[in-house]
$ cat run.cif   # mmCIF, C-alpha atoms and all ligand atoms
data_protein
#
loop_
_atom_site.label_atom_id
_atom_site.label_comp_id
_atom_site.auth_asym_id
_atom_site.auth_seq_id
_atom_site.Cartn_x
_atom_site.Cartn_y
_atom_site.Cartn_z
CA MET I 75 107.75 111.57 107.28
CA ARG I 76 105.65 108.92 105.52
CA VAL I 77 106.92 107.52 102.22
CA ALA I 78 105.31 105.41 99.48
CA ARG I 79 106.45 104.21 96.08
CA VAL I 80 104.21 103.28 93.17
CA GLN I 81 104.56 102.08 89.60
CA ALA I 82 102.14 104.37 87.75
CA GLN I 83 101.07 102.12 84.88
CA ALA I 84 100.08 103.72 81.57
CA LYS I 85 96.85 102.88 79.72
CA ILE I 86 95.73 102.14 76.22
CA ASN I 87 92.23 102.38 74.81
CA LEU I 88 91.24 99.07 73.22
CA MET I 89 88.45 101.02 71.53
CA LEU I 90 87.60 104.71 71.60
CA GLN I 91 84.39 106.22 70.30
CA ILE I 92 83.87 109.98 70.47
CA PHE I 93 80.40 111.58 70.47
CA PRO I 94 79.47 115.29 70.24
CA MET I 95 80.65 117.81 72.79
CA LEU I 96 78.66 117.94 76.02
CA ASP I 97 76.76 121.24 76.02
CA GLY I 98 79.05 124.15 76.73
CA ARG I 99 81.31 122.19 79.05
CA GLY I 100 84.23 121.82 76.69
CA TYR I 101 84.22 118.02 76.86
CA HIS I 102 83.06 115.38 74.42
CA GLN I 103 81.07 112.33 75.43
CA LEU I 104 82.92 109.15 74.75
CA LYS I 105 82.86 105.42 75.16
CA THR I 106 86.10 103.57 75.64
CA VAL I 107 87.69 100.40 76.98
CA PHE I 108 90.68 101.31 79.13
CA HIS I 109 93.38 98.75 79.88
CA ARG I 110 96.51 99.19 81.98
CA ILE I 111 99.87 98.29 80.46
CA ASP I 112 103.18 97.36 82.14
CA LEU I 113 104.98 100.50 80.94
CA ALA I 114 104.99 102.74 84.03
CA ASP I 115 106.46 105.86 85.57
CA GLU I 116 108.03 105.31 88.99
CA ILE I 117 106.78 107.68 91.67
CA VAL I 118 108.05 108.22 95.21
CA VAL I 119 105.88 110.40 97.43
CA ARG I 120 107.13 111.73 100.79
CA ALA I 121 104.51 113.35 102.99
CA GLY I 122 105.43 115.63 105.89
CA GLY I 123 106.99 118.98 106.73
CA SER I 124 105.61 122.12 105.11
CA ALA I 125 107.47 122.44 101.78
CA ARG I 126 105.97 121.20 98.50
CA SER I 127 108.11 120.00 95.60
CA LEU I 128 108.10 117.91 92.43
CA GLU I 129 111.12 116.53 90.62
CA CYS I 130 110.82 114.79 87.25
CA THR I 131 113.71 112.88 85.67
CA GLY I 132 114.12 109.74 83.57
CA PRO I 133 114.51 108.48 80.03
CA GLU I 134 111.22 109.98 78.78
CA MET I 135 111.77 113.42 80.30
CA PRO I 136 111.43 115.88 77.38
CA ALA I 137 114.42 118.18 76.83
CA SER I 138 112.06 121.16 77.09
CA GLY I 139 110.86 120.00 80.52
CA LEU I 140 107.28 119.49 81.66
CA GLY I 141 106.20 123.08 82.28
CA LYS I 142 105.46 124.77 85.58
CA THR I 143 105.47 122.59 88.70
CA GLU I 144 102.10 123.98 89.88
CA ASP I 145 100.49 122.95 86.55
CA ASN I 146 101.84 119.40 86.63
CA LEU I 147 99.06 116.86 87.19
CA ALA I 148 101.10 114.95 89.78
CA PHE I 149 101.63 118.13 91.83
CA ARG I 150 97.99 119.21 91.42
CA ALA I 151 96.84 115.75 92.53
CA ALA I 152 98.81 116.04 95.79
CA ALA I 153 97.64 119.62 96.39
CA GLU I 154 93.98 118.66 95.88
CA PHE I 155 94.36 115.54 98.04
CA SER I 156 95.78 117.74 100.79
CA ARG I 157 92.85 120.17 100.49
CA ARG I 158 90.25 117.40 100.73
CA ALA I 159 91.91 115.22 103.35
CA GLY I 160 93.41 118.07 105.42
CA TRP I 161 96.73 116.21 105.13
CA PRO I 162 99.64 116.42 104.34
CA GLN I 163 100.68 120.04 104.49
CA GLY I 164 104.03 119.39 102.82
CA PHE I 165 105.04 116.77 100.27
CA SER I 166 107.83 115.95 97.87
CA ILE I 167 107.19 113.93 94.73
CA GLU I 168 109.84 112.28 92.56
CA VAL I 169 108.72 111.04 89.15
CA THR I 170 110.94 108.92 86.90
CA LYS I 171 109.39 109.19 83.43
CA HIS I 172 109.27 106.02 81.33
CA ILE I 173 105.95 106.81 79.63
CA PRO I 174 106.35 109.02 76.53
CA VAL I 175 104.86 112.51 76.90
CA GLY I 176 102.17 113.51 74.36
CA GLY I 177 101.81 109.92 73.22
CA GLY I 178 98.21 109.12 74.15
CA LEU I 179 99.21 106.65 76.87
CA GLY I 180 97.89 108.75 79.75
CA GLY I 181 101.33 109.43 81.28
CA GLY I 182 100.41 112.63 83.13
CA SER I 183 97.13 111.07 84.28
CA ALA I 184 98.97 107.93 85.45
CA ASP I 185 101.28 110.13 87.55
CA ALA I 186 98.29 111.91 89.10
CA GLY I 187 96.59 108.57 89.79
CA GLY I 188 99.81 107.17 91.27
CA VAL I 189 100.19 110.16 93.61
CA LEU I 190 96.57 109.84 94.78
CA ARG I 191 96.94 106.09 95.41
CA ALA I 192 100.26 106.60 97.22
CA LEU I 193 98.95 109.40 99.46
CA ASN I 194 95.80 107.47 100.31
CA ALA I 195 97.92 104.46 101.29
CA ILE I 196 99.89 106.46 103.86
CA ALA I 197 97.25 108.99 104.99
CA PRO I 198 96.31 108.85 108.69
CA ASN I 199 92.65 109.21 107.58
CA PRO I 200 92.36 107.93 104.00
CA LEU I 201 89.65 109.28 101.71
CA ALA I 202 86.76 106.96 100.87
CA ALA I 203 87.04 105.43 97.39
CA ALA I 204 84.24 107.65 96.00
CA GLU I 205 85.91 110.81 97.27
CA LEU I 206 89.28 109.78 95.88
CA LEU I 207 87.60 109.25 92.49
CA SER I 208 85.96 112.66 92.71
CA VAL I 209 89.39 114.26 93.26
CA ALA I 210 90.62 112.25 90.25
CA SER I 211 87.72 113.43 88.02
CA GLY I 212 88.61 117.04 88.70
CA LEU I 213 92.12 116.43 87.35
CA GLY I 214 91.30 114.91 83.95
CA SER I 215 89.27 112.39 81.99
CA ASP I 216 91.74 109.49 82.28
CA VAL I 217 92.65 110.06 85.92
CA PRO I 218 89.76 108.14 87.61
CA PHE I 219 90.62 104.94 85.74
CA LEU I 220 94.30 105.32 86.64
CA THR I 221 93.42 106.04 90.30
CA GLY I 222 91.24 102.96 90.60
CA GLU I 223 92.32 99.40 91.25
CA SER I 224 91.03 97.83 88.01
CA LEU I 225 93.05 96.36 85.23
CA GLN I 226 90.37 97.30 82.76
CA ALA I 227 87.16 99.35 82.66
CA VAL I 228 84.61 100.73 80.24
CA GLY I 229 84.66 104.53 80.46
CA SER I 230 81.76 106.75 79.43
CA GLY I 231 80.53 110.33 79.94
CA ARG I 232 83.69 112.40 79.52
CA GLY I 233 85.65 109.25 80.37
CA THR I 234 85.27 109.46 84.12
CA GLN I 235 82.21 107.19 84.53
CA LEU I 236 83.59 103.71 84.93
CA ASN I 237 81.96 100.33 84.60
CA HIS I 238 84.07 97.43 85.81
CA ASP I 239 81.73 94.58 84.80
CA VAL I 240 82.65 94.24 81.16
CA ALA I 241 85.76 92.24 80.41
CA VAL I 242 87.30 92.26 76.94
CA ILE I 243 90.47 90.28 77.45
CA PRO I 244 92.51 90.24 74.26
CA PRO I 245 94.22 86.89 73.80
CA ASN I 246 97.41 88.56 72.53
CA ARG I 247 99.14 90.45 75.31
CA GLU I 248 102.66 91.14 74.00
CA MET I 249 102.80 94.75 72.91
CA LEU I 250 105.02 97.02 70.89
CA ILE I 251 104.52 100.74 71.31
CA VAL I 252 105.91 102.98 68.58
CA LYS I 253 106.53 106.63 69.45
CA PRO I 254 107.15 108.87 66.44
CA ALA I 255 109.33 111.95 66.94
CA PHE I 256 106.28 114.24 67.17
CA SER I 257 103.74 114.47 69.99
CA ILE I 258 100.04 115.36 69.81
CA GLY I 259 98.11 117.52 72.27
CA THR I 260 94.78 115.99 73.34
CA ALA I 261 92.79 119.23 72.92
CA ASP I 262 94.19 119.59 69.36
CA ALA I 263 93.10 116.07 68.46
CA TYR I 264 89.53 116.74 69.63
CA ARG I 265 89.47 120.01 67.66
CA TRP I 266 90.70 118.29 64.48
CA LEU I 267 88.03 115.60 64.88
CA ASP I 268 85.29 118.26 65.29
CA GLU I 269 86.53 120.21 62.25
CA HIS I 270 86.65 117.03 60.18
CA ARG I 271 83.09 116.11 61.16
CA GLU I 272 81.84 119.65 60.43
CA ARG I 273 83.29 119.47 56.92
CA HIS I 274 82.64 115.86 56.00
CA GLY I 275 79.73 114.88 58.19
CA TRP I 276 79.60 112.02 60.58
CA VAL I 277 81.46 109.31 58.72
CA PRO I 278 81.27 106.02 60.62
CA ASP I 279 84.85 104.97 61.17
CA MET I 280 84.19 101.36 61.99
CA PRO I 281 83.70 99.02 59.04
CA PRO I 282 81.23 96.20 59.88
CA GLY I 283 82.92 93.30 61.65
CA THR I 284 85.75 95.40 63.06
CA GLU I 285 86.26 94.60 66.71
CA SER I 286 88.48 97.47 67.69
CA PHE I 287 88.78 101.03 66.52
CA ASN I 288 89.69 104.55 67.54
CA ASP I 289 87.65 107.49 66.19
CA PHE I 290 90.74 109.73 66.24
CA GLN I 291 92.71 107.43 63.99
CA PRO I 292 91.48 108.45 60.48
CA VAL I 293 91.76 112.16 61.30
CA ILE I 294 95.20 111.84 62.88
CA GLU I 295 96.43 109.68 59.98
CA GLN I 296 95.36 112.36 57.53
CA ARG I 297 97.60 114.89 59.28
CA PHE I 298 100.41 112.48 60.12
CA PRO I 299 100.76 109.81 57.41
CA GLN I 300 103.60 108.25 59.45
CA ILE I 301 100.96 106.88 61.84
CA LYS I 302 99.38 104.85 59.05
CA THR I 303 102.79 103.62 57.91
CA ILE I 304 103.58 102.45 61.46
CA ARG I 305 100.23 100.67 61.73
CA GLU I 306 100.67 98.93 58.39
CA ARG I 307 104.23 97.90 59.28
CA LEU I 308 103.08 96.47 62.64
CA LEU I 309 100.39 94.42 60.89
CA ALA I 310 102.87 93.24 58.25
CA ARG I 311 105.15 92.07 61.09
CA GLY I 312 102.44 89.92 62.66
CA ALA I 313 100.51 92.28 64.96
CA ARG I 314 96.98 90.95 65.62
CA LEU I 315 95.80 94.50 66.22
CA ALA I 316 97.50 97.84 65.54
CA LEU I 317 95.81 101.00 66.72
CA LEU I 318 96.48 104.62 67.52
CA ALA I 319 96.92 105.04 71.30
CA GLY I 320 94.28 107.46 72.66
CA SER I 321 94.65 110.75 70.79
CA GLY I 322 98.19 109.77 69.64
CA SER I 323 100.96 110.10 68.74
CA CYS I 324 101.89 106.55 69.82
CA VAL I 325 100.70 103.47 67.96
CA PHE I 326 100.49 100.11 69.69
CA GLY I 327 100.57 96.63 68.21
CA LEU I 328 99.39 93.51 70.04
CA PHE I 329 101.28 90.30 69.27
CA ARG I 330 100.83 86.65 70.14
CA ASP I 331 104.60 86.19 70.55
CA THR I 332 107.64 88.42 71.03
CA PRO I 333 107.21 91.61 68.98
CA PRO I 334 109.76 92.63 66.31
CA THR I 335 112.80 94.65 67.41
CA SER I 336 112.87 96.78 64.26
CA LEU I 337 110.25 98.04 61.81
CA ASP I 338 112.60 99.44 59.12
CA LEU I 339 110.87 102.80 59.12
CA ASP I 340 112.44 105.59 57.08
CA PHE I 341 111.60 108.21 59.70
CA ASP I 342 112.43 108.71 63.36
CA ALA I 343 110.44 106.55 65.78
CA ARG I 344 111.25 104.74 69.01
CA LEU I 345 110.11 101.18 69.74
CA ILE I 346 109.03 100.41 73.29
CA PRO I 347 108.21 96.75 74.00
CA THR I 348 105.77 96.13 76.87
CA ARG I 349 102.69 94.01 77.71
CA LEU I 350 99.03 94.39 78.47
CA SER I 351 99.14 94.17 82.26
CA SER I 352 97.83 91.14 84.10
CA LYS I 353 97.74 92.94 87.45
CA VAL I 354 97.50 96.41 88.94
CA VAL I 355 100.81 97.06 90.72
CA GLN I 356 100.14 97.79 94.40
CA VAL I 357 101.51 100.80 96.28
CA GLU I 358 104.58 100.00 98.43
CA VAL I 359 104.59 101.76 101.77
CA LEU I 360 108.28 102.39 102.58
CA GLU I 361 108.02 104.39 105.84
O1 LIG I 401 90.46 115.62 80.58
P1 LIG I 401 91.77 115.97 79.92
O2 LIG I 401 92.56 116.96 80.71
O3 LIG I 401 92.55 114.78 79.52
O4 LIG I 401 91.35 116.70 78.56
C1 LIG I 401 92.23 117.48 77.81
C2 LIG I 401 91.42 118.19 76.74
O5 LIG I 401 90.90 117.24 75.80
C3 LIG I 401 90.20 118.93 77.25
O6 LIG I 401 90.53 120.24 77.65
C4 LIG I 401 89.29 118.93 76.04
O7 LIG I 401 89.68 119.92 75.12
C5 LIG I 401 89.59 117.60 75.40
N1 LIG I 401 88.64 116.55 75.84
C6 LIG I 401 87.34 116.54 75.32
N2 LIG I 401 86.46 115.56 75.72
C7 LIG I 401 86.83 114.59 76.61
C8 LIG I 401 88.15 114.58 77.11
C9 LIG I 401 89.03 115.57 76.72
O8 LIG I 401 86.99 117.39 74.51
N3 LIG I 401 85.95 113.66 76.96
#

$ encode --input "run.cif" --output "structure tokens" --more "lines below"
Ligand code: C5P
Amino acid sequence: MRVARVQAQAKINLMLQIFPMLDGRGYHQLKTVFHRIDLADEIVVRAGGSARSLECTGPEMPASGLGKTEDNLAFRAAAEFSRRAGWPQGFSIEVTKHIPVGGGLGGGSADAGGVLRALNAIAPNPLAAAELLSVASGLGSDVPFLTGESLQAVGSGRGTQLNHDVAVIPPNREMLIVKPAFSIGTADAYRWLDEHRERHGWVPDMPPGTESFNDFQPVIEQRFPQIKTIRERLLARGARLALLAGSGSCVFGLFRDTPPTSLDLDFDARLIPTRLSSKVVQVEVLE
């Protein structure tokens, strides 16, 4: 039995620009700046034997569960790794969820990336970096970034083409994530954005001089006014930047100093303090 543990860091998008759908492939072109954050799921992967299992627990485990094991990105990542590398036949994965589900922080993708990194660290014949990234691309648009070893990258294409040269290091690294009671499905957010653009045309979302933006934000705020309230409250409490996380429903604020511990919101929302990461946490090989 070989065992590895990894902190699967979540991501935010410091900017996110969405272009039209790529012809007939069901994906939009985009340009984004990914950045890892300290908030992470903990993953233990055991490779060996012939049985395959996944167990998810933890404070951010939804009461309704996470759906079928075979559909879970962490499980699919291990199954696809096994197919490509011819190893391992059996595996067991334990995920302790700290990243909110349906929040736009790439939690499921982080788990898949963590499993791929962990398996490659203990594989008798590891996959080459390019092949590992090709496995990651097949699992989702955010997975290659979260499988790589970069703190930050510019993503393009459907999000899977990564450029590591460009560094946009925000000076304010203290972060407060706010998770409202509702979650948002990524495919829904893309559909709402398309419908909005069909009806209203291509309204540029970025006023001149704005350094950071998220094309989903105006559309999501129209449907969920709480998002705008959270953003305004974060800015009123000293955030240097407050932005929708990915396709939502989380909002993050970046602060120079310790973020506030309460926002006095009159609706349900959880506050999760964290930081923009200053390093990618390395896989620990336990056995
Ligand atoms: O790649 P991922 O599994 O995260 O995508 C989830 C859904 O989001 C896709 O099925 C698609 O509907 C939408 N999507 C998109 N364009 C992208 C990424 C995602 O339309 N670049």

$ closest_atom_pairs --input "run.cif" --of "chain I" --to "ligand LIG 401 (chain I)" --cutoff "7 Å" --atoms "all atoms listed in the file" --output "tab-separated table"
residue	atom	partner	partner_atom	distance
I:Met95	CA	I:LIG401	O8	6.6
I:Gly100	CA	I:LIG401	O8	5.7
I:Tyr101	CA	I:LIG401	N2	3.5
I:His102	CA	I:LIG401	N2	3.6
I:Gln103	CA	I:LIG401	N3	5.3
I:Leu104	CA	I:LIG401	N3	5.9
I:Leu213	CA	I:LIG401	O2	6.7
I:Gly214	CA	I:LIG401	O1	3.5
I:Ser215	CA	I:LIG401	O1	3.7
I:Asp216	CA	I:LIG401	O3	6.0
I:Arg232	CA	I:LIG401	N3	3.6
I:Gly233	CA	I:LIG401	N3	5.6
I:Thr260	CA	I:LIG401	O5	4.8
I:Ala261	CA	I:LIG401	O7	3.9
I:Tyr264	CA	I:LIG401	O8	5.5

$ write_last_selection --input "run.cif" --atoms "C-alpha atoms" --output "short mmCIF file (atom, residue, chain, number, x, y, z; two decimals), keeping the file's coordinate frame"
data_model
loop_
_atom_site.label_atom_id
_atom_site.label_comp_id
_atom_site.auth_asym_id
_atom_site.auth_seq_id
_atom_site.Cartn_x
_atom_site.Cartn_y
_atom_site.Cartn_z
CA MET I 95 80.65 117.81 72.79
CA GLY I 100 84.23 121.82 76.69
CA TYR I 101 84.22 118.02 76.86
CA HIS I 102 83.06 115.38 74.42
CA GLN I 103 81.07 112.33 75.43
CA LEU I 104 82.92 109.15 74.75
CA LEU I 213 92.12 116.43 87.35
CA GLY I 214 91.30 114.91 83.95
CA SER I 215 89.27 112.39 81.99
CA ASP I 216 91.74 109.49 82.28
CA ARG I 232 83.69 112.40 79.52
CA GLY I 233 85.65 109.25 80.37
CA THR I 260 94.78 115.99 73.34
CA ALA I 261 92.79 119.23 72.92
CA TYR I 264 89.53 116.74 69.63
#

$ closest_residue --input "run.cif" --among "I:Ala316, I:Leu113, I:Ala203, I:Ile304" --to "Asp340 in chain I" --atoms "all atoms listed in the file"
I:Ile304

$ atom_distance --input "run.cif" --atom1 "CA of Ala202 in chain I" --atom2 "CA of Ile173 in chain I"
28.6 Å

$ closest_residue --input "run.cif" --among "I:Leu225, I:Leu207, I:Ala125, I:Leu339" --to "Leu190 in chain I" --atoms "only C-alpha atoms"
I:Leu207

$ residues_near_point --input "run.cif" --point "(97.7, 112.9, 97.9)" --cutoff "6 Å" --atoms "all atoms listed in the file" --output "JSON, numbers by chain"
{"I": [152, 155, 156, 189, 190, 193]}

$ atom_distance --input "run.cif" --atom1 "CA of Glu269 in chain I" --atom2 "CA of His109 in chain I"
28.6 Å

$ closest_residue --input "run.cif" --among "I:Thr131, I:Thr106, I:Arg158, I:Phe149" --to "Pro200 in chain I" --atoms "all atoms listed in the file"
I:Arg158

$ residues_around --input "run.cif" --residues "Gln226 in chain I" --least-positions-apart "5" --cutoff "10 Å" --atoms "all atoms listed in the file" --output "ChimeraX atom specification"
/I:85-88,107-111,219-220,236-243,351-354

$ write_last_selection --input "run.cif" --atoms "C-alpha atoms" --output "short mmCIF file (atom, residue, chain, number, x, y, z; two decimals), keeping the file's coordinate frame"
data_model
loop_
_atom_site.label_atom_id
_atom_site.label_comp_id
_atom_site.auth_asym_id
_atom_site.auth_seq_id
_atom_site.Cartn_x
_atom_site.Cartn_y
_atom_site.Cartn_z
CA LYS I 85 96.85 102.88 79.72
CA ILE I 86 95.73 102.14 76.22
CA ASN I 87 92.23 102.38 74.81
CA LEU I 88 91.24 99.07 73.22
CA VAL I 107 87.69 100.40 76.98
CA PHE I 108 90.68 101.31 79.13
CA HIS I 109 93.38 98.75 79.88
CA ARG I 110 96.51 99.19 81.98
CA ILE I 111 99.87 98.29 80.46
CA PHE I 219 90.62 104.94 85.74
CA LEU I 220 94.30 105.32 86.64
CA LEU I 236 83.59 103.71 84.93
CA ASN I 237 81.96 100.33 84.60
CA HIS I 238 84.07 97.43 85.81
CA ASP I 239 81.73 94.58 84.80
CA VAL I 240 82.65 94.24 81.16
CA ALA I 241 85.76 92.24 80.41
CA VAL I 242 87.30 92.26 76.94
CA ILE I 243 90.47 90.28 77.45
CA SER I 351 99.14 94.17 82.26
CA SER I 352 97.83 91.14 84.10
CA LYS I 353 97.74 92.94 87.45
CA VAL I 354 97.50 96.41 88.94
#

$ closest_residue --input "run.cif" --among "I:Pro133, I:Gly180, I:Pro218, I:Gly187" --to "Gly259 in chain I" --atoms "only C-alpha atoms"
I:Gly180

$ closest_residue --input "run.cif" --among "I:Gly231, I:Pro254, I:Gly160, I:Pro198" --to "Ile346 in chain I" --atoms "only C-alpha atoms"
I:Pro254

$ closest_residue --input "run.cif" --among "I:Val77, I:Ala84, I:Leu267, I:Ala310" --to "Ile251 in chain I" --atoms "all atoms listed in the file"
I:Ala84

$ build_atoms --input "run.cif" --residues "range 92-102 of chain I" --atoms "all heavy atoms" --output "CSV table (one decimal), in the coordinates of the input"
chain,number,residue,atom,x,y,z
I,92,ILE,N,84.1,108.6,70.0
I,92,ILE,CA,83.9,110.0,70.5
I,92,ILE,C,82.5,110.5,69.9
I,92,ILE,O,82.3,110.4,68.7
I,92,ILE,CB,85.0,110.9,70.0
I,92,ILE,CG1,86.4,110.3,70.2
I,92,ILE,CG2,84.9,112.3,70.6
I,92,ILE,CD1,86.9,110.3,71.5
I,93,PHE,N,81.7,111.0,70.8
I,93,PHE,CA,80.4,111.6,70.5
I,93,PHE,C,80.5,113.1,70.5
I,93,PHE,O,81.5,113.6,70.9
I,93,PHE,CB,79.3,111.0,71.4
I,93,PHE,CG,79.3,109.5,71.4
I,93,PHE,CD1,79.7,108.8,72.5
I,93,PHE,CD2,78.8,108.9,70.3
I,93,PHE,CE1,79.7,107.4,72.5
I,93,PHE,CE2,78.8,107.5,70.3
I,93,PHE,CZ,79.2,106.7,71.4
I,94,PRO,N,79.4,113.8,70.2
I,94,PRO,CA,79.5,115.3,70.2
I,94,PRO,C,79.8,115.8,71.6
I,94,PRO,O,79.7,115.2,72.6
I,94,PRO,CB,78.1,115.7,69.8
I,94,PRO,CG,77.5,114.5,69.2
I,94,PRO,CD,78.1,113.4,69.8
I,95,MET,N,80.3,117.1,71.6
I,95,MET,CA,80.6,117.8,72.8
I,95,MET,C,79.5,117.9,73.7
I,95,MET,O,78.3,118.2,73.3
I,95,MET,CB,81.1,119.2,72.4
I,95,MET,CG,81.6,120.0,73.5
I,95,MET,SD,83.2,120.6,73.4
I,95,MET,CE,83.5,121.4,71.8
I,96,LEU,N,79.7,117.7,75.0
I,96,LEU,CA,78.7,117.9,76.0
I,96,LEU,C,78.4,119.4,76.1
I,96,LEU,O,79.3,120.2,76.0
I,96,LEU,CB,79.2,117.5,77.4
I,96,LEU,CG,79.4,116.0,77.6
I,96,LEU,CD1,80.3,115.8,78.8
I,96,LEU,CD2,78.1,115.3,77.7
I,97,ASP,N,77.1,119.8,76.2
I,97,ASP,CA,76.8,121.2,76.0
I,97,ASP,C,77.6,122.2,76.8
I,97,ASP,O,77.6,122.1,78.1
I,97,ASP,CB,75.3,121.5,76.5
I,97,ASP,CG,74.4,120.9,75.4
I,97,ASP,OD1,74.8,120.6,74.3
I,97,ASP,OD2,73.2,120.6,75.8
I,98,GLY,N,78.3,123.0,76.1
I,98,GLY,CA,79.0,124.2,76.7
I,98,GLY,C,80.1,123.8,77.8
I,98,GLY,O,80.6,124.7,78.4
I,99,ARG,N,80.4,122.5,78.0
I,99,ARG,CA,81.3,122.2,79.0
I,99,ARG,C,82.7,121.9,78.6
I,99,ARG,O,83.6,121.5,79.3
I,99,ARG,CB,80.8,121.0,79.9
I,99,ARG,CG,79.7,121.5,80.9
I,99,ARG,CD,79.2,120.4,81.7
I,99,ARG,NE,78.1,119.7,81.1
I,99,ARG,CZ,77.6,118.6,81.4
I,99,ARG,NH1,78.1,117.9,82.4
I,99,ARG,NH2,76.5,118.1,80.8
I,100,GLY,N,82.9,122.0,77.2
I,100,GLY,CA,84.2,121.8,76.7
I,100,GLY,C,84.7,120.4,76.6
I,100,GLY,O,85.9,120.1,76.3
I,101,TYR,N,83.8,119.4,76.9
I,101,TYR,CA,84.2,118.0,76.9
I,101,TYR,C,83.3,117.2,75.9
I,101,TYR,O,82.1,117.5,75.9
I,101,TYR,CB,84.2,117.4,78.3
I,101,TYR,CG,85.4,117.7,79.1
I,101,TYR,CD1,85.3,118.8,80.0
I,101,TYR,CD2,86.5,117.0,79.0
I,101,TYR,CE1,86.4,119.1,80.8
I,101,TYR,CE2,87.6,117.3,79.7
I,101,TYR,CZ,87.6,118.4,80.6
I,101,TYR,OH,88.7,118.7,81.4
I,102,HIS,N,83.9,116.3,75.3
I,102,HIS,CA,83.1,115.4,74.4
I,102,HIS,C,82.6,114.2,75.2
I,102,HIS,O,83.3,113.8,76.2
I,102,HIS,CB,83.9,114.9,73.2
I,102,HIS,CG,84.3,116.0,72.3
I,102,HIS,ND1,85.2,116.9,72.6
I,102,HIS,CD2,83.9,116.2,71.0
I,102,HIS,CE1,85.3,117.7,71.6
I,102,HIS,NE2,84.5,117.4,70.6
